[in-house]
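**Student:** Sharing start.pdb (PDB, C-alpha atoms) below.
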```pdb
ATOM      1  CA  MET G   1     -22.624 221.628-277.120
ATOM      2  CA  ASN G   2     -24.069 223.034-280.358
ATOM      3  CA  VAL G   3     -27.239 221.023-279.821
ATOM      4  CA  GLU G   4     -27.487 222.362-276.268
ATOM      5  CA  ILE G   5     -27.059 225.967-277.433
ATOM      6  CA  THR G   6     -29.667 225.457-280.143
ATOM      7  CA  SER G   7     -32.125 224.061-277.618
ATOM      8  CA  TYR G   8     -31.651 227.113-275.391
ATOM      9  CA  ILE G   9     -32.170 229.432-278.367
ATOM     10  CA  VAL G  10     -35.442 227.667-279.215
ATOM     11  CA  LEU G  11     -36.447 227.773-275.546
ATOM     12  CA  GLY G  12     -35.900 231.528-275.554
ATOM     13  CA  LEU G  13     -38.205 231.933-278.549
ATOM     14  CA  LEU G  14     -40.904 229.832-276.890
ATOM     15  CA  ILE G  15     -40.604 231.871-273.676
ATOM     16  CA  VAL G  16     -41.167 235.123-275.533
ATOM     17  CA  VAL G  17     -44.002 234.172-277.904
ATOM     18  CA  SER G  18     -46.054 232.289-275.288
ATOM     19  CA  PRO G  19     -49.109 234.462-274.504
ATOM     20  CA  GLY G  20     -49.181 235.859-271.000
ATOM     21  CA  ALA G  21     -49.982 238.923-268.949
ATOM     22  CA  ASP G  22     -47.202 240.930-270.647
ATOM     23  CA  PHE G  23     -48.640 240.182-274.087
ATOM     24  CA  VAL G  24     -52.151 241.150-272.995
ATOM     25  CA  LEU G  25     -50.916 244.451-271.537
ATOM     26  CA  VAL G  26     -48.966 245.396-274.688
ATOM     27  CA  LEU G  27     -51.998 244.563-276.826
ATOM     28  CA  LYS G  28     -54.314 246.575-274.575
ATOM     29  CA  ASN G  29     -52.096 249.673-274.427
ATOM     30  CA  SER G  30     -51.347 249.572-278.146
ATOM     31  CA  ILE G  31     -54.950 249.478-279.351
ATOM     32  CA  ASN G  32     -56.108 252.011-276.743
ATOM     33  CA  ASN G  33     -53.296 254.536-276.770
ATOM     34  CA  GLY G  34     -51.315 254.002-279.955
ATOM     35  CA  ARG G  35     -48.056 252.533-281.146
ATOM     36  CA  LYS G  36     -45.746 254.523-278.890
ATOM     37  CA  ALA G  37     -47.680 253.422-275.817
ATOM     38  CA  GLY G  38     -47.241 249.788-276.889
ATOM     39  CA  LEU G  39     -43.547 250.297-277.628
ATOM     40  CA  LEU G  40     -42.937 251.891-274.229
ATOM     41  CA  THR G  41     -44.865 249.094-272.514
ATOM     42  CA  GLY G  42     -42.711 246.539-274.324
ATOM     43  CA  LEU G  43     -39.554 248.404-273.338
ATOM     44  CA  GLY G  44     -40.656 248.399-269.699
ATOM     45  CA  ILE G  45     -41.239 244.647-269.900
ATOM     46  CA  GLY G  46     -37.780 244.163-271.401
ATOM     47  CA  ILE G  47     -36.138 246.114-268.573
ATOM     48  CA  GLY G  48     -38.119 244.055-266.066
ATOM     49  CA  VAL G  49     -36.777 240.897-267.684
ATOM     50  CA  CYS G  50     -33.229 242.275-267.356
ATOM     51  CA  ILE G  51     -33.696 242.669-263.599
ATOM     52  CA  HIS G  52     -35.169 239.165-263.230
ATOM     53  CA  ILE G  53     -32.181 237.760-265.078
ATOM     54  CA  THR G  54     -29.666 239.806-263.076
ATOM     55  CA  TYR G  55     -30.803 238.628-259.664
ATOM     56  CA  SER G  56     -31.283 235.089-260.964
ATOM     57  CA  ILE G  57     -27.637 235.001-262.003
ATOM     58  CA  LEU G  58     -26.521 236.547-258.708
ATOM     59  CA  GLY G  59     -28.590 234.075-256.709
ATOM     60  CA  ILE G  60     -30.846 236.647-255.040
ATOM     61  CA  GLY G  61     -33.919 235.016-256.540
ATOM     62  CA  HIS G  62     -33.225 231.883-254.518
ATOM     63  CA  LEU G  63     -33.237 233.917-251.301
ATOM     64  CA  LEU G  64     -36.571 235.522-252.208
ATOM     65  CA  SER G  65     -38.146 232.185-253.089
ATOM     66  CA  GLN G  66     -37.125 230.753-249.705
ATOM     67  CA  ASN G  67     -38.513 233.685-247.711
ATOM     68  CA  ILE G  68     -42.228 232.877-247.481
ATOM     69  CA  ILE G  69     -43.319 236.257-246.136
ATOM     70  CA  LEU G  70     -41.383 238.284-248.692
ATOM     71  CA  PHE G  71     -42.393 235.964-251.504
ATOM     72  CA  SER G  72     -46.055 236.196-250.502
ATOM     73  CA  MET G  73     -45.861 239.990-250.490
ATOM     74  CA  ILE G  74     -44.455 239.978-254.030
ATOM     75  CA  LYS G  75     -46.985 237.365-255.120
ATOM     76  CA  TYR G  76     -50.059 239.226-253.904
ATOM     77  CA  ALA G  77     -48.751 242.641-254.983
ATOM     78  CA  GLY G  78     -48.306 241.268-258.496
ATOM     79  CA  SER G  79     -51.743 239.669-258.463
ATOM     80  CA  ALA G  80     -53.411 242.868-257.242
ATOM     81  CA  TYR G  81     -51.681 244.962-259.882
ATOM     82  CA  LEU G  82     -52.718 242.669-262.733
ATOM     83  CA  ILE G  83     -56.309 242.576-261.471
ATOM     84  CA  TYR G  84     -56.313 246.376-261.199
ATOM     85  CA  LEU G  85     -55.123 246.738-264.803
ATOM     86  CA  GLY G  86     -57.716 244.205-265.935
ATOM     87  CA  ILE G  87     -60.641 245.855-264.163
ATOM     88  CA  THR G  88     -59.565 249.236-265.549
ATOM     89  CA  GLY G  89     -59.617 247.745-269.037
ATOM     90  CA  ILE G  90     -63.052 246.167-268.564
ATOM     91  CA  PHE G  91     -64.782 249.294-267.282
ATOM     92  CA  CYS G  92     -62.952 251.664-269.630
ATOM     93  CA  SER G  93     -63.474 249.451-272.654
ATOM     94  CA  LYS G  94     -64.733 252.099-275.068
ATOM     95  CA  LEU G  95     -61.954 252.550-277.584
ATOM     96  CA  LYS G  96     -61.411 255.902-279.256
ATOM     97  CA  PHE G  97     -58.844 255.660-281.982
ATOM     98  CA  ASP G  98     -58.393 255.945-285.706
ATOM     99  CA  CYS G  99     -55.587 255.360-288.162
ATOM    100  CA  LYS G 100     -53.932 258.578-287.015
ATOM    101  CA  THR G 101     -53.233 256.908-283.679
ATOM    102  CA  VAL G 102     -49.975 255.516-285.007
ATOM    103  CA  SER G 103     -48.432 258.968-285.250
ATOM    104  CA  ILE G 104     -49.696 260.503-281.993
ATOM    105  CA  SER G 105     -46.826 261.569-279.731
ATOM    106  CA  LEU G 106     -47.073 260.896-276.006
ATOM    107  CA  GLN G 107     -46.471 263.447-273.314
ATOM    108  CA  ASN G 108     -43.691 262.672-270.832
ATOM    109  CA  ASP G 109     -46.136 261.769-268.066
ATOM    110  CA  ASN G 110     -47.963 259.279-270.284
ATOM    111  CA  ALA G 111     -44.668 257.872-271.545
ATOM    112  CA  ARG G 112     -43.562 257.149-267.989
ATOM    113  CA  LYS G 113     -46.968 255.629-267.210
ATOM    114  CA  TYR G 114     -46.867 253.059-270.011
ATOM    115  CA  PHE G 115     -43.221 252.210-269.378
ATOM    116  CA  THR G 116     -43.976 251.748-265.668
ATOM    117  CA  GLN G 117     -47.014 249.561-266.398
ATOM    118  CA  GLY G 118     -44.914 247.215-268.512
ATOM    119  CA  PHE G 119     -42.097 247.194-265.979
ATOM    120  CA  LEU G 120     -44.340 246.454-262.986
ATOM    121  CA  CYS G 121     -46.445 243.895-264.857
ATOM    122  CA  ASN G 122     -43.297 241.876-265.490
ATOM    123  CA  MET G 123     -41.439 242.594-262.253
ATOM    124  CA  LEU G 124     -44.351 241.785-259.913
ATOM    125  CA  ASN G 125     -45.011 238.383-261.461
ATOM    126  CA  PRO G 126     -43.527 235.817-259.029
ATOM    127  CA  LYS G 127     -43.881 233.016-261.564
ATOM    128  CA  THR G 128     -41.585 234.962-263.883
ATOM    129  CA  MET G 129     -39.103 235.273-261.032
ATOM    130  CA  LEU G 130     -39.108 231.540-260.300
ATOM    131  CA  PHE G 131     -39.106 230.676-263.999
ATOM    132  CA  PHE G 132     -35.912 232.598-264.711
ATOM    133  CA  LEU G 133     -34.372 231.308-261.488
ATOM    134  CA  SER G 134     -35.011 227.733-262.596
ATOM    135  CA  ILE G 135     -33.609 228.371-266.089
ATOM    136  CA  PHE G 136     -30.410 230.026-264.930
ATOM    137  CA  SER G 137     -29.829 227.509-262.165
ATOM    138  CA  GLN G 138     -29.376 225.027-265.019
ATOM    139  CA  LEU G 139     -27.025 227.306-266.936
ATOM    140  CA  ILE G 140     -24.632 228.183-264.122
ATOM    141  CA  SER G 141     -22.365 225.358-262.993
ATOM    142  CA  PRO G 142     -19.780 225.487-260.168
ATOM    143  CA  HIS G 143     -17.615 223.138-262.224
ATOM    144  CA  ASN G 144     -17.511 225.388-265.294
ATOM    145  CA  ASP G 145     -15.889 228.809-265.024
ATOM    146  CA  ASN G 146     -17.346 229.859-268.390
ATOM    147  CA  SER G 147     -20.943 229.052-267.437
ATOM    148  CA  SER G 148     -21.486 232.500-265.876
ATOM    149  CA  TYR G 149     -20.449 234.188-269.119
ATOM    150  CA  PHE G 150     -22.788 231.973-271.113
ATOM    151  CA  ALA G 151     -25.620 232.741-268.679
ATOM    152  CA  LEU G 152     -24.968 236.477-269.063
ATOM    153  CA  ILE G 153     -24.999 236.261-272.865
ATOM    154  CA  TYR G 154     -28.143 234.150-272.779
ATOM    155  CA  GLY G 155     -29.764 236.648-270.433
ATOM    156  CA  LEU G 156     -29.038 239.488-272.848
ATOM    157  CA  TYR G 157     -30.489 237.378-275.657
ATOM    158  CA  ILE G 158     -33.711 236.790-273.716
ATOM    159  CA  SER G 159     -34.036 240.477-272.794
ATOM    160  CA  VAL G 160     -33.509 241.736-276.342
ATOM    161  CA  LEU G 161     -35.874 239.088-277.676
ATOM    162  CA  HIS G 162     -38.624 240.281-275.328
ATOM    163  CA  ILE G 163     -38.212 243.902-276.395
ATOM    164  CA  LEU G 164     -38.165 243.053-280.112
ATOM    165  CA  TRP G 165     -41.195 240.766-279.855
ATOM    166  CA  PHE G 166     -43.389 243.210-277.974
ATOM    167  CA  CYS G 167     -42.324 246.105-280.198
ATOM    168  CA  LEU G 168     -43.343 243.970-283.177
ATOM    169  CA  ILE G 169     -46.730 243.336-281.554
ATOM    170  CA  ALA G 170     -47.163 247.073-280.971
ATOM    171  CA  PHE G 171     -46.391 247.785-284.647
ATOM    172  CA  LEU G 172     -48.711 245.086-285.963
ATOM    173  CA  VAL G 173     -51.778 245.976-283.905
ATOM    174  CA  THR G 174     -51.446 249.684-284.736
ATOM    175  CA  SER G 175     -51.102 249.300-288.490
ATOM    176  CA  GLU G 176     -53.863 250.894-290.560
ATOM    177  CA  LYS G 177     -55.319 247.577-291.736
ATOM    178  CA  VAL G 178     -55.363 246.066-288.275
ATOM    179  CA  LEU G 179     -56.763 249.271-286.776
ATOM    180  CA  SER G 180     -59.640 249.191-289.238
ATOM    181  CA  VAL G 181     -60.532 245.775-287.831
ATOM    182  CA  PHE G 182     -60.215 246.946-284.231
ATOM    183  CA  GLN G 183     -62.537 249.852-285.017
ATOM    184  CA  ARG G 184     -65.287 247.261-285.471
ATOM    185  CA  VAL G 185     -64.422 244.842-282.674
ATOM    186  CA  GLY G 186     -62.105 246.943-280.506
ATOM    187  CA  ASN G 187     -64.382 247.219-277.485
ATOM    188  CA  ARG G 188     -64.739 243.462-277.231
ATOM    189  CA  VAL G 189     -60.989 242.995-277.668
ATOM    190  CA  ASN G 190     -60.322 245.528-274.921
ATOM    191  CA  GLN G 191     -62.768 243.787-272.579
ATOM    192  CA  THR G 192     -61.180 240.440-273.417
ATOM    193  CA  CYS G 193     -57.744 241.837-272.583
ATOM    194  CA  GLY G 194     -59.109 243.160-269.303
ATOM    195  CA  VAL G 195     -60.623 239.789-268.430
ATOM    196  CA  GLY G 196     -57.335 238.128-269.382
ATOM    197  CA  LEU G 197     -55.378 240.326-266.966
ATOM    198  CA  VAL G 198     -57.874 239.621-264.179
ATOM    199  CA  VAL G 199     -57.569 235.873-264.841
ATOM    200  CA  PHE G 200     -53.764 236.019-264.791
ATOM    201  CA  GLY G 201     -53.833 237.994-261.553
ATOM    202  CA  ALA G 202     -56.355 235.697-259.884
ATOM    203  CA  THR G 203     -54.401 232.625-261.011
ATOM    204  CA  LEU G 204     -51.265 233.975-259.372
ATOM    205  CA  ALA G 205     -53.165 234.747-256.173
ATOM    206  CA  PHE G 206     -54.699 231.276-255.813
ATOM    207  CA  THR G 207     -51.857 229.154-257.158
ATOM    208  CA  ASN G 208     -49.000 227.948-255.025
ATOM    209  CA  SER G 209     -46.184 229.335-257.186
ATOM    210  CA  THR G 210     -43.507 227.644-255.125
ATOM    211  CA  SER G 211     -44.635 224.208-256.212
ATOM    212  CA  SER G 212     -43.343 222.499-259.315
TER     213      SER G 212
END
```
Can you present the structure in this file as C-alpha cells?
**Tutor:**
Amino acid sequence: MNVEITSYIVLGLLIVVSPGADFVLVLKNSINNGRKAGLLTGLGIGIGVCIHITYSILGIGHLLSQNIILFSMIKYAGSAYLIYLGITGIFCSKLKFDCKTVSISLQNDNARKYFTQGFLCNMLNPKTMLFFLSIFSQLISPHNDNSSYFALIYGLYISVLHILWFCLIAFLVTSEKVLSVFQRVGNRVNQTCGVGLVVFGATLAFTNSTSS
C-alpha cells in the first residue's frame, strides 16, 4: 500500500509540472501584468481543479463524457476560449513592464479578470475533465469503504499542489533578475505563449478527446 501511495504522490507531481495551457496562461499573465495577476490566475486554476475533482468523485464526469452533445459543447467552448486568449496574446504582444511590476496592486475588476481566466482555462478543458475522471475511477472502489476518503484526500493534495506550483511560477517569472531578461526577449515570449494557447485550443478542437 505504501508503494501505491508513493506512486500516486509522484503521479500528482508529474500532473502539475507537465507544461500545458494552464502553465502558458500563468506565464503570460505574470510577465504582462505582474506577480499578483499570475497568482490570481494560478488560484483560479486551482479552484477549477477542485471542481473537476469534485464531480469526478461524485460520478458526474462520467455522465458528461457519455453525453456527446453536452461534451461537444464543453469541448468546443474550451477550444474557442484558449484560441481567443492566444490570439489576444499574439496581437497584444508588446510588453510594458519593469522591475516595479512585482509590487503593483490590481484593481478589483482586474483581479476578477485574471482569476476568471485561470478558472475558465482549466474548467473548459475537456481533456482535464476526462483525465481526472480516469484517475479517480481507479481510486474509488465499491469493495473498499475507505477508498472515497482516500480519493478526497488525494484530490485536496492535487488541488493544493496546482495552486502552489503556479504561484511559484508567478513568483519566479516576476523576480527582478528574470524580469530583466524578459525586458529583452519579452515580446517574443509573449507571442510564443499566445501561439501555445492557440495550439492547445486547436488540438482540443480537432482531437477526439473521448478516445484513449
**Student:** List as CSV every residue of range 1-96 of chain G that is in contact with range 120-126 of chain G, defined as an atom at most 6 Å from one of its atoms (using all atoms listed in the file), together with the nearest atom pair and the distance in Å rounded to one decimal, sorted by chain and then rising number.
**Tutor:**
```
residue,atom,partner,partner_atom,distance
G:Ile45,CA,G:Asn122,CA,5.6
G:Gly48,CA,G:Met123,CA,5.3
G:Lys75,CA,G:Pro126,CA,5.4
G:Gly78,CA,G:Leu124,CA,4.2
```
**Student:** For a cutoff of 12 Å around the file-coordinate point (-45.7, 236.1, -277.2), which residues qualify once you count only C-alpha atoms? I'd like the result as a compact mmCIF listing (two decimals) with C-alpha atoms, keeping the file's coordinate frame.
**Tutor:**
```
# COMPACT_ATOMS: atom_id res chain seq x y z
CA GLY G 12 -35.90 231.53 -275.55
CA LEU G 13 -38.20 231.93 -278.55
CA LEU G 14 -40.90 229.83 -276.89
CA ILE G 15 -40.60 231.87 -273.68
CA VAL G 16 -41.17 235.12 -275.53
CA VAL G 17 -44.00 234.17 -277.90
CA SER G 18 -46.05 232.29 -275.29
CA PRO G 19 -49.11 234.46 -274.50
CA GLY G 20 -49.18 235.86 -271.00
CA ALA G 21 -49.98 238.92 -268.95
CA ASP G 22 -47.20 240.93 -270.65
CA PHE G 23 -48.64 240.18 -274.09
CA VAL G 24 -52.15 241.15 -273.00
CA LEU G 25 -50.92 244.45 -271.54
CA VAL G 26 -48.97 245.40 -274.69
CA LEU G 27 -52.00 244.56 -276.83
CA GLY G 42 -42.71 246.54 -274.32
CA LEU G 161 -35.87 239.09 -277.68
CA HIS G 162 -38.62 240.28 -275.33
CA ILE G 163 -38.21 243.90 -276.40
CA LEU G 164 -38.16 243.05 -280.11
CA TRP G 165 -41.20 240.77 -279.86
CA PHE G 166 -43.39 243.21 -277.97
CA CYS G 167 -42.32 246.10 -280.20
CA LEU G 168 -43.34 243.97 -283.18
CA ILE G 169 -46.73 243.34 -281.55
CA ALA G 170 -47.16 247.07 -280.97
```
**Student:** Grab the CA of Ser175 in chain G to CA of Leu40 in chain G distance for me, in Å with one decimal place.
**Tutor:**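 Pair CA of Ser175 in chain G / CA of Leu40 in chain G returns 16.6 Å.
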**Student:** Determine the nearest neighbour of Ala37 in chain G from the options G:Ser79, G:Gln117, G:Ile87, G:Ile68, counting only C-alpha atoms.
**Tutor:** G:Gln117
**Student:** Please give the centre and size of the box around range 109-127 of chain G (axis-aligned, containing every atom listed in the file, 3 Å added per side), with values in Å to one decimal and written as lines of an AutoDock Vina configuration file.
**Tutor:**
```
center_x = -44.7
center_y = 247.4
center_z = -265.3
size_x = 12.5
size_y = 34.8
size_z = 18.5
```
**Student:** Which neighbours of Ile83 in chain G fall inside 9 Å, counting only C-alpha atoms, when residues of the same chain fewer than 6 positions from it are skipped, and could you give them as an mmCIF file with C-alpha atoms, keeping the file's coordinate frame?
**Tutor:**
```cif
data_model
loop_
_atom_site.group_PDB
_atom_site.id
_atom_site.type_symbol
_atom_site.label_atom_id
_atom_site.label_comp_id
_atom_site.auth_asym_id
_atom_site.auth_seq_id
_atom_site.Cartn_x
_atom_site.Cartn_y
_atom_site.Cartn_z
ATOM 1 C CA GLY G 194 -59.109 243.160 -269.303
ATOM 2 C CA VAL G 195 -60.623 239.789 -268.430
ATOM 3 C CA LEU G 197 -55.378 240.326 -266.966
ATOM 4 C CA VAL G 198 -57.874 239.621 -264.179
ATOM 5 C CA VAL G 199 -57.569 235.873 -264.841
ATOM 6 C CA PHE G 200 -53.764 236.019 -264.791
ATOM 7 C CA GLY G 201 -53.833 237.994 -261.553
ATOM 8 C CA ALA G 202 -56.355 235.697 -259.884
#
```
**Student:** Measuring atom to atom with all atoms listed in the file, identify which of G:Phe136, G:Leu70, G:Lys127, G:Asn110 is nearest to Thr41 in chain G.
**Tutor:** G:Asn110
